[in-house]
Every structure is written in structure tokens, then in C-alpha cells.
$ cat upload_9.cif   # mmCIF, C-alpha atoms and all ligand atoms
data_run
loop_
_atom_site.label_atom_id
_atom_site.label_comp_id
_atom_site.auth_asym_id
_atom_site.auth_seq_id
_atom_site.Cartn_x
_atom_site.Cartn_y
_atom_site.Cartn_z
CA MET K 1 -6.51 17.22 119.02
CA ASN K 2 -6.48 20.52 117.13
CA TYR K 3 -4.19 21.09 114.19
CA PRO K 4 -3.44 24.59 112.98
CA SER K 5 -5.55 25.45 109.96
CA LEU K 6 -3.94 26.20 106.64
CA ARG K 7 -4.92 29.86 107.09
CA SER K 8 -3.11 30.30 110.37
CA MET K 9 -0.07 28.46 108.98
CA THR K 10 -0.02 30.96 106.12
CA LEU K 11 -0.16 33.85 108.58
CA VAL K 12 2.79 32.45 110.50
CA LEU K 13 4.78 32.05 107.28
CA LEU K 14 3.90 35.59 106.22
CA SER K 15 5.07 36.90 109.57
CA PHE K 16 8.46 35.29 109.12
CA ALA K 17 8.67 36.71 105.62
CA PHE K 18 8.12 40.18 107.10
CA ILE K 19 10.80 39.59 109.70
CA ALA K 20 13.25 38.94 106.89
CA CYS K 21 12.48 42.10 104.93
CA GLY K 22 10.91 44.55 107.40
CA ASP K 23 13.00 46.93 109.46
CA GLU K 24 11.89 49.78 111.65
CA GLN K 25 14.18 52.23 113.39
CA ILE K 26 13.17 54.16 116.46
CA HIS K 27 15.45 57.12 117.08
CA SER K 28 16.28 58.99 120.22
CA CYS K 29 15.47 62.56 119.24
CA GLU K 30 17.13 64.51 122.00
CA PHE K 31 20.80 65.31 122.25
CA THR K 32 21.64 65.93 125.90
CA MET K 33 24.69 68.15 126.00
CA SER K 34 27.38 68.83 128.57
CA ILE K 35 29.98 71.58 128.20
CA ASP K 36 33.48 71.28 129.64
CA SER K 37 35.40 74.53 129.47
CA PRO K 38 38.29 76.24 131.25
CA ASP K 39 36.25 79.46 131.66
CA ALA K 40 32.69 80.68 132.23
CA GLU K 41 32.45 82.97 129.18
CA SER K 42 33.00 80.36 126.51
CA LYS K 43 30.77 77.93 128.38
CA SER K 44 27.89 80.41 128.48
CA TYR K 45 28.41 81.15 124.78
CA PHE K 46 27.70 77.50 123.97
CA VAL K 47 24.78 77.28 126.42
CA GLU K 48 23.22 80.23 124.56
CA TYR K 49 24.16 78.73 121.20
CA LEU K 50 22.15 75.59 122.03
CA GLU K 51 19.09 77.79 122.54
CA LYS K 52 19.80 79.63 119.30
CA LEU K 53 19.96 76.28 117.51
CA ASN K 54 16.67 75.13 119.04
CA THR K 55 15.04 78.41 117.99
CA ASN K 56 16.34 78.01 114.44
CA LEU K 57 15.23 74.38 114.27
CA GLY K 58 11.83 75.19 115.75
CA PHE K 59 11.94 72.54 118.47
CA GLN K 60 14.01 71.36 121.43
CA ALA K 61 16.68 69.24 119.73
CA PHE K 62 19.52 70.07 122.12
CA THR K 63 19.20 70.18 125.88
CA TYR K 64 21.96 71.42 128.13
CA VAL K 65 22.37 69.17 131.16
CA GLY K 66 24.71 69.99 134.00
CA SER K 67 27.01 67.01 134.13
CA ARG K 68 28.92 64.85 131.69
CA GLN K 69 27.36 61.76 133.32
CA GLU K 70 23.82 62.84 132.37
CA ALA K 71 24.80 63.90 128.85
CA ASN K 72 24.99 61.70 125.77
CA SER K 73 26.82 64.41 123.81
CA PRO K 74 29.77 66.28 125.33
CA ILE K 75 31.18 69.59 124.07
CA VAL K 76 34.80 70.05 125.15
CA ILE K 77 36.48 73.44 124.86
CA GLU K 78 40.14 72.69 125.35
CA LYS K 79 43.39 74.58 125.44
CA GLY K 80 45.86 73.63 122.71
CA LEU K 81 43.49 71.74 120.38
CA LYS K 82 45.06 73.58 117.41
CA GLU K 83 48.56 72.58 118.44
CA ARG K 84 47.55 69.00 119.21
CA THR K 85 45.79 68.47 115.88
CA LEU K 86 48.61 70.25 114.03
CA ARG K 87 51.06 67.76 115.47
CA GLU K 88 48.93 64.71 114.75
CA ARG K 89 47.60 65.55 111.32
CA GLY K 90 49.88 68.26 109.94
CA GLN K 91 46.96 70.69 109.81
CA GLU K 92 45.41 72.81 112.52
CA PHE K 93 41.81 72.32 113.55
CA ILE K 94 39.84 74.94 115.47
CA GLY K 95 37.12 72.37 116.04
CA LEU K 96 36.36 68.69 115.64
CA GLY K 97 32.96 67.04 115.49
CA GLY K 98 31.75 63.47 115.20
CA PHE K 99 28.41 61.66 114.96
CA TYR K 100 27.97 58.49 117.02
CA PRO K 101 24.73 56.57 116.39
CA ASP K 102 24.35 53.45 118.50
CA TYR K 103 22.22 50.68 117.01
CA SER K 104 20.78 48.06 119.30
CA GLN K 105 18.43 45.34 118.06
CA THR K 106 15.50 44.62 120.33
CA SER K 107 15.34 41.00 121.48
CA ASN K 108 11.59 40.70 122.15
CA VAL K 109 10.56 38.06 119.59
CA PHE K 110 6.83 38.50 120.32
CA LYS K 111 7.03 42.19 119.57
CA ILE K 112 8.84 41.43 116.31
CA ILE K 113 6.15 38.99 115.16
CA ALA K 114 3.33 41.26 116.36
CA ASN K 115 4.21 44.15 114.10
CA GLY K 116 5.90 42.06 111.41
CA LYS K 117 9.09 44.08 111.61
CA THR K 118 12.43 44.03 113.28
CA THR K 119 12.84 47.04 115.51
CA THR K 120 16.15 48.78 115.95
CA GLU K 121 16.51 51.41 118.64
CA VAL K 122 18.99 54.08 117.63
CA THR K 123 20.56 56.35 120.19
CA ASN K 124 22.04 59.36 118.42
CA SER K 125 24.88 61.25 120.04
CA MET K 126 27.73 63.56 119.10
CA ARG K 127 31.11 64.69 120.42
CA LEU K 128 32.45 68.15 119.71
CA HIS K 129 35.79 69.78 120.50
CA PHE K 130 36.73 73.44 120.13
CA ASP K 131 40.06 75.20 120.54
CA HIS K 132 39.92 77.49 123.57
CA ASP K 133 42.13 80.25 122.10
CA PHE K 134 40.03 80.35 118.93
CA VAL K 135 36.79 80.56 120.93
CA MET K 136 38.07 83.31 123.26
CA GLN K 137 39.65 85.43 120.50
CA ASN K 138 36.46 85.37 118.47
CA LEU K 139 34.28 85.99 121.53
CA VAL K 140 36.33 89.07 122.50
CA ASN K 141 36.40 90.39 118.92
CA ASN K 142 32.76 89.39 118.38
CA THR K 143 33.43 87.82 114.99
CA GLU K 144 31.06 85.63 113.02
CA LYS K 145 33.71 82.90 112.75
CA LEU K 146 32.65 81.52 116.12
CA GLU K 147 29.07 80.89 115.01
CA THR K 148 30.34 79.43 111.74
CA ALA K 149 32.64 77.06 113.65
CA ALA K 150 29.87 76.08 116.07
CA ALA K 151 27.32 75.49 113.28
CA HIS K 152 29.95 73.58 111.27
CA GLU K 153 30.91 71.20 114.09
CA PHE K 154 27.25 70.61 115.00
CA GLY K 155 26.85 69.68 111.33
CA HIS K 156 29.60 67.05 111.70
CA GLY K 157 27.85 66.05 114.93
CA LEU K 158 24.82 65.10 112.82
CA GLY K 159 26.99 63.20 110.35
CA PHE K 160 27.37 65.94 107.69
CA ASP K 161 30.48 65.84 105.49
CA HIS K 162 32.36 68.79 104.02
CA ILE K 163 30.85 70.55 101.00
CA ASP K 164 33.04 72.20 98.38
CA ASN K 165 31.17 75.50 98.26
CA GLU K 166 32.56 78.55 100.11
CA ILE K 167 29.14 79.85 101.16
CA ASP K 168 28.13 76.53 102.72
CA VAL K 169 28.62 76.21 106.48
CA MET K 170 30.11 72.75 105.81
CA TYR K 171 32.93 74.27 103.71
CA PHE K 172 36.22 73.38 105.39
CA GLU K 173 37.12 77.01 106.18
CA VAL K 174 35.20 79.33 108.51
CA SER K 175 36.03 82.62 106.77
CA GLY K 176 33.52 84.48 104.58
CA LYS K 177 29.74 84.82 104.55
CA LYS K 178 27.80 81.62 105.07
CA ASP K 179 24.26 80.51 104.24
CA TYR K 180 23.02 79.69 107.74
CA ASP K 181 19.38 79.31 106.66
CA ALA K 182 20.27 76.44 104.32
CA HIS K 183 22.44 74.84 107.00
CA TYR K 184 19.78 74.99 109.71
CA ALA K 185 17.23 73.63 107.22
CA ASN K 186 19.59 70.67 106.59
CA MET K 187 19.96 70.16 110.33
CA ARG K 188 16.18 70.18 110.74
CA GLN K 189 15.91 67.58 107.97
CA PHE K 190 18.06 65.23 110.07
CA PHE K 191 15.28 65.20 112.68
CA VAL K 192 12.48 65.06 110.12
CA ASN K 193 14.09 61.97 108.55
CA ARG K 194 14.06 60.28 111.96
CA SER K 195 10.41 61.13 112.70
CA CYS K 196 11.41 63.41 115.57
CA VAL K 197 9.52 66.36 114.11
CA ASN K 198 7.15 66.94 111.19
ZN ZN R 1 34.88 70.17 109.20
#
$ encode --input "upload_9.cif" --output "C-alpha cells"
Amino acid sequence: MNYPSLRSMTLVLLSFAFIACGDEQIHSCEFTMSIDSPDAESKSYFVEYLEKLNTNLGFQAFTYVGSRQEANSPIVIEKGLKERTLRERGQEFIGLGGFYPDYSQTSNVFKIIANGKTTTEVTNSMRLHFDHDFVMQNLVNNTEKLETAAAHEFGHGLGFDHIDNEIDVMYFEVSGKKDYDAHYANMRQFFVNRSCVN
């Protein structure tokens, strides 16, 4: 009869020690986007904006997919968002954005022991809403407020909070000149931190 040697017993104990303190997260790097809108113009604005974002980030972070079913991250351009949010919160919102990471622990115990770490798979997704009147008015008048609003809500979509600095895209108001370069660099950092890009 063979008994495990002291050395292999030590290895087993070490493995369990690593399970207790090791943690590895594997992130989904692609946001698959759908766009629900009452009209074609505002929809195509956001389809083009996704490409602009990808260009600024230097890689394909956002992919437009045709249907809501295929998308993990819906954009909804809706009539009366301002009025609805005004009623519910006493303040009007031209856009709303939220970040929704989903953490699921893998259950393969052999895999956990093999690399000495627990592995968590994280699916990142976002949900964005924009007020239709705001989008259309700023599209027709070709104002910069629309890009500010889009960049701002995508920021919330990556979990960014408001920043109390008027030039920052994450300032709570869209008016005035914004530092887009800094904002897109922060967005890129989100993906760098998750090993999606170097
Ligand atoms: Zn905001």
C-alpha cells in the first residue's frame, strides 16, 4: 500500500492555502450594443458614435449588433425621459447610464487546484437611456452637447461617477468645453485594468 509522501502532502496543503487567498478575474471585453430608437437619424448617430469611440480607444470595445436579444448592453432612446425622470426624482435627466458587471464563480474544482487560484468570470455590460427630444434637438442644431451626453453616459456605463470639475466629461452638466482626450483615456484604462488591451 502506498501512502502519500510528506512532500506531496505539503503540495496539497499549499494548494488549499492558495485557494483561500488567490483570486483571478477573467473579464468579457466586448460590449455588444443594441439601439432602440423611435427614428432612424438618432439611431444612426449612435451607431456612428460607437465607431468613434472604438477609434478613440484604439480597439473594438463596442460592437453594434442588430437585436436586443444578441446584445448585452442596450441603448434606449426614448420619448419623455426628461419628463419621467423629472417626475420621479425632481430633476430632469437627458440621459441615464449604469454599469452592470455579473460575477460568476467557476465550479470546476480541478481547475481551481491546478492553477492555485479561484477564477471568477466577469461579464461586463451597461444600460444607457437618452431623451429623444434632447437627442433630436442637438442633432438638428449640430451642437457638441450630444457628444458630451453620449460620452458622459458611456462613462457611467463603465462605472464612472460624477467629477466636480466643469471641464470633465463626468461633470453633471453637459454645457461648456470638455476634455474628451482625458475622458477617452480613462475609458481605455477600464479595459487595460481588465487585461482586454495593453
Ligand atoms: Zn451623470
$ closest_residue --input "upload_9.cif" --among "K:Phe59, K:Phe134, K:Phe93, K:Phe31" --to "ligand ZN 1 (chain R)" --atoms "all atoms listed in the file"
K:Phe93
$ closest_residue --input "upload_9.cif" --among "K:Cys196, K:Ile167, K:Ile94, K:Ala182" --to "ligand ZN 1 (chain R)" --atoms "only C-alpha atoms and all ligand atoms"
K:Ile94
$ residues_near_ligand --input "upload_9.cif" --ligand "ligand ZN 1 (chain R)" --cutoff "9 Å" --atoms "all atoms listed in the file" --output "MDAnalysis selection string"
chainID K and resid 93 95:97 149 152:153 155:156 160:162 170:173
$ write_last_selection --input "upload_9.cif" --atoms "C-alpha atoms" --output "PDB file, in the coordinates of the input"
ATOM      1  CA  PHE K  93      41.810  72.320 113.550  1.00  0.00           C
ATOM      2  CA  GLY K  95      37.120  72.370 116.040  1.00  0.00           C
ATOM      3  CA  LEU K  96      36.360  68.690 115.640  1.00  0.00           C
ATOM      4  CA  GLY K  97      32.960  67.040 115.490  1.00  0.00           C
ATOM      5  CA  ALA K 149      32.640  77.060 113.650  1.00  0.00           C
ATOM      6  CA  HIS K 152      29.950  73.580 111.270  1.00  0.00           C
ATOM      7  CA  GLU K 153      30.910  71.200 114.090  1.00  0.00           C
ATOM      8  CA  GLY K 155      26.850  69.680 111.330  1.00  0.00           C
ATOM      9  CA  HIS K 156      29.600  67.050 111.700  1.00  0.00           C
ATOM     10  CA  PHE K 160      27.370  65.940 107.690  1.00  0.00           C
ATOM     11  CA  ASP K 161      30.480  65.840 105.490  1.00  0.00           C
ATOM     12  CA  HIS K 162      32.360  68.790 104.020  1.00  0.00           C
ATOM     13  CA  MET K 170      30.110  72.750 105.810  1.00  0.00           C
ATOM     14  CA  TYR K 171      32.930  74.270 103.710  1.00  0.00           C
ATOM     15  CA  PHE K 172      36.220  73.380 105.390  1.00  0.00           C
ATOM     16  CA  GLU K 173      37.120  77.010 106.180  1.00  0.00           C
TER      17      GLU K 173
END
$ residues_around --input "upload_9.cif" --residues "Glu24 (chain K)" --least-positions-apart "4" --cutoff "9 Å" --atoms "only C-alpha atoms" --output "number ranges by chain"
K: 117-121
$ residues_around --input "upload_9.cif" --residues "Pro38 (chain K)" --least-positions-apart "5" --cutoff "12 Å" --atoms "only C-alpha atoms" --output "list of chain:residue names"
K:Lys43, K:Ser44, K:Val76, K:Ile77, K:Glu78, K:Lys79, K:Gly80, K:Phe130, K:Asp131, K:His132, K:Asp133, K:Val135, K:Met136
$ residues_around --input "upload_9.cif" --residues "region 186-188 of chain K" --least-positions-apart "5" --cutoff "12 Å" --atoms "only C-alpha atoms" --output "PyMOL selection string"
chain K and resi 29+53-62+151-161+168-170+179-181+193-198
$ closest_residue --input "upload_9.cif" --among "K:Glu41, K:Glu92, K:Glu83, K:Asp102" --to "Gln137 (chain K)" --atoms "only C-alpha atoms"
K:Glu41
$ atom_distance --input "upload_9.cif" --atom1 "CA of Glu51 (chain K)" --atom2 "CA of Glu147 (chain K)"
12.9 Å
$ closest_residue --input "upload_9.cif" --among "K:Leu139, K:Ala71, K:Leu81, K:Ala150" --to "Glu30 (chain K)" --atoms "all atoms listed in the file"
K:Ala71
$ atom_distance --input "upload_9.cif" --atom1 "CA of His129 (chain K)" --atom2 "CA of Lys52 (chain K)"
18.8 Å
$ axis_aligned_box --input "upload_9.cif" --around "region 124-143 of chain K" --padding-each-side "4 Å" --output "AutoDock Vina command-line options"
--center_x 32.1 --center_y 74.9 --center_z 119.3 --size_x 28.1 --size_y 39.0 --size_z 16.6
$ atom_distance --input "upload_9.cif" --atom1 "CA of Ile75 (chain K)" --atom2 "CA of Met33 (chain K)"
6.9 Å
$ closest_residue --input "upload_9.cif" --among "K:Phe46, K:Asp164, K:Ala40, K:Gly176" --to "Glu144 (chain K)" --atoms "all atoms listed in the file"
K:Gly176
$ closest_residue --input "upload_9.cif" --among "K:Tyr64, K:Tyr49, K:Tyr184, K:Phe191" --to "Ile35 (chain K)" --atoms "only C-alpha atoms"
K:Tyr64
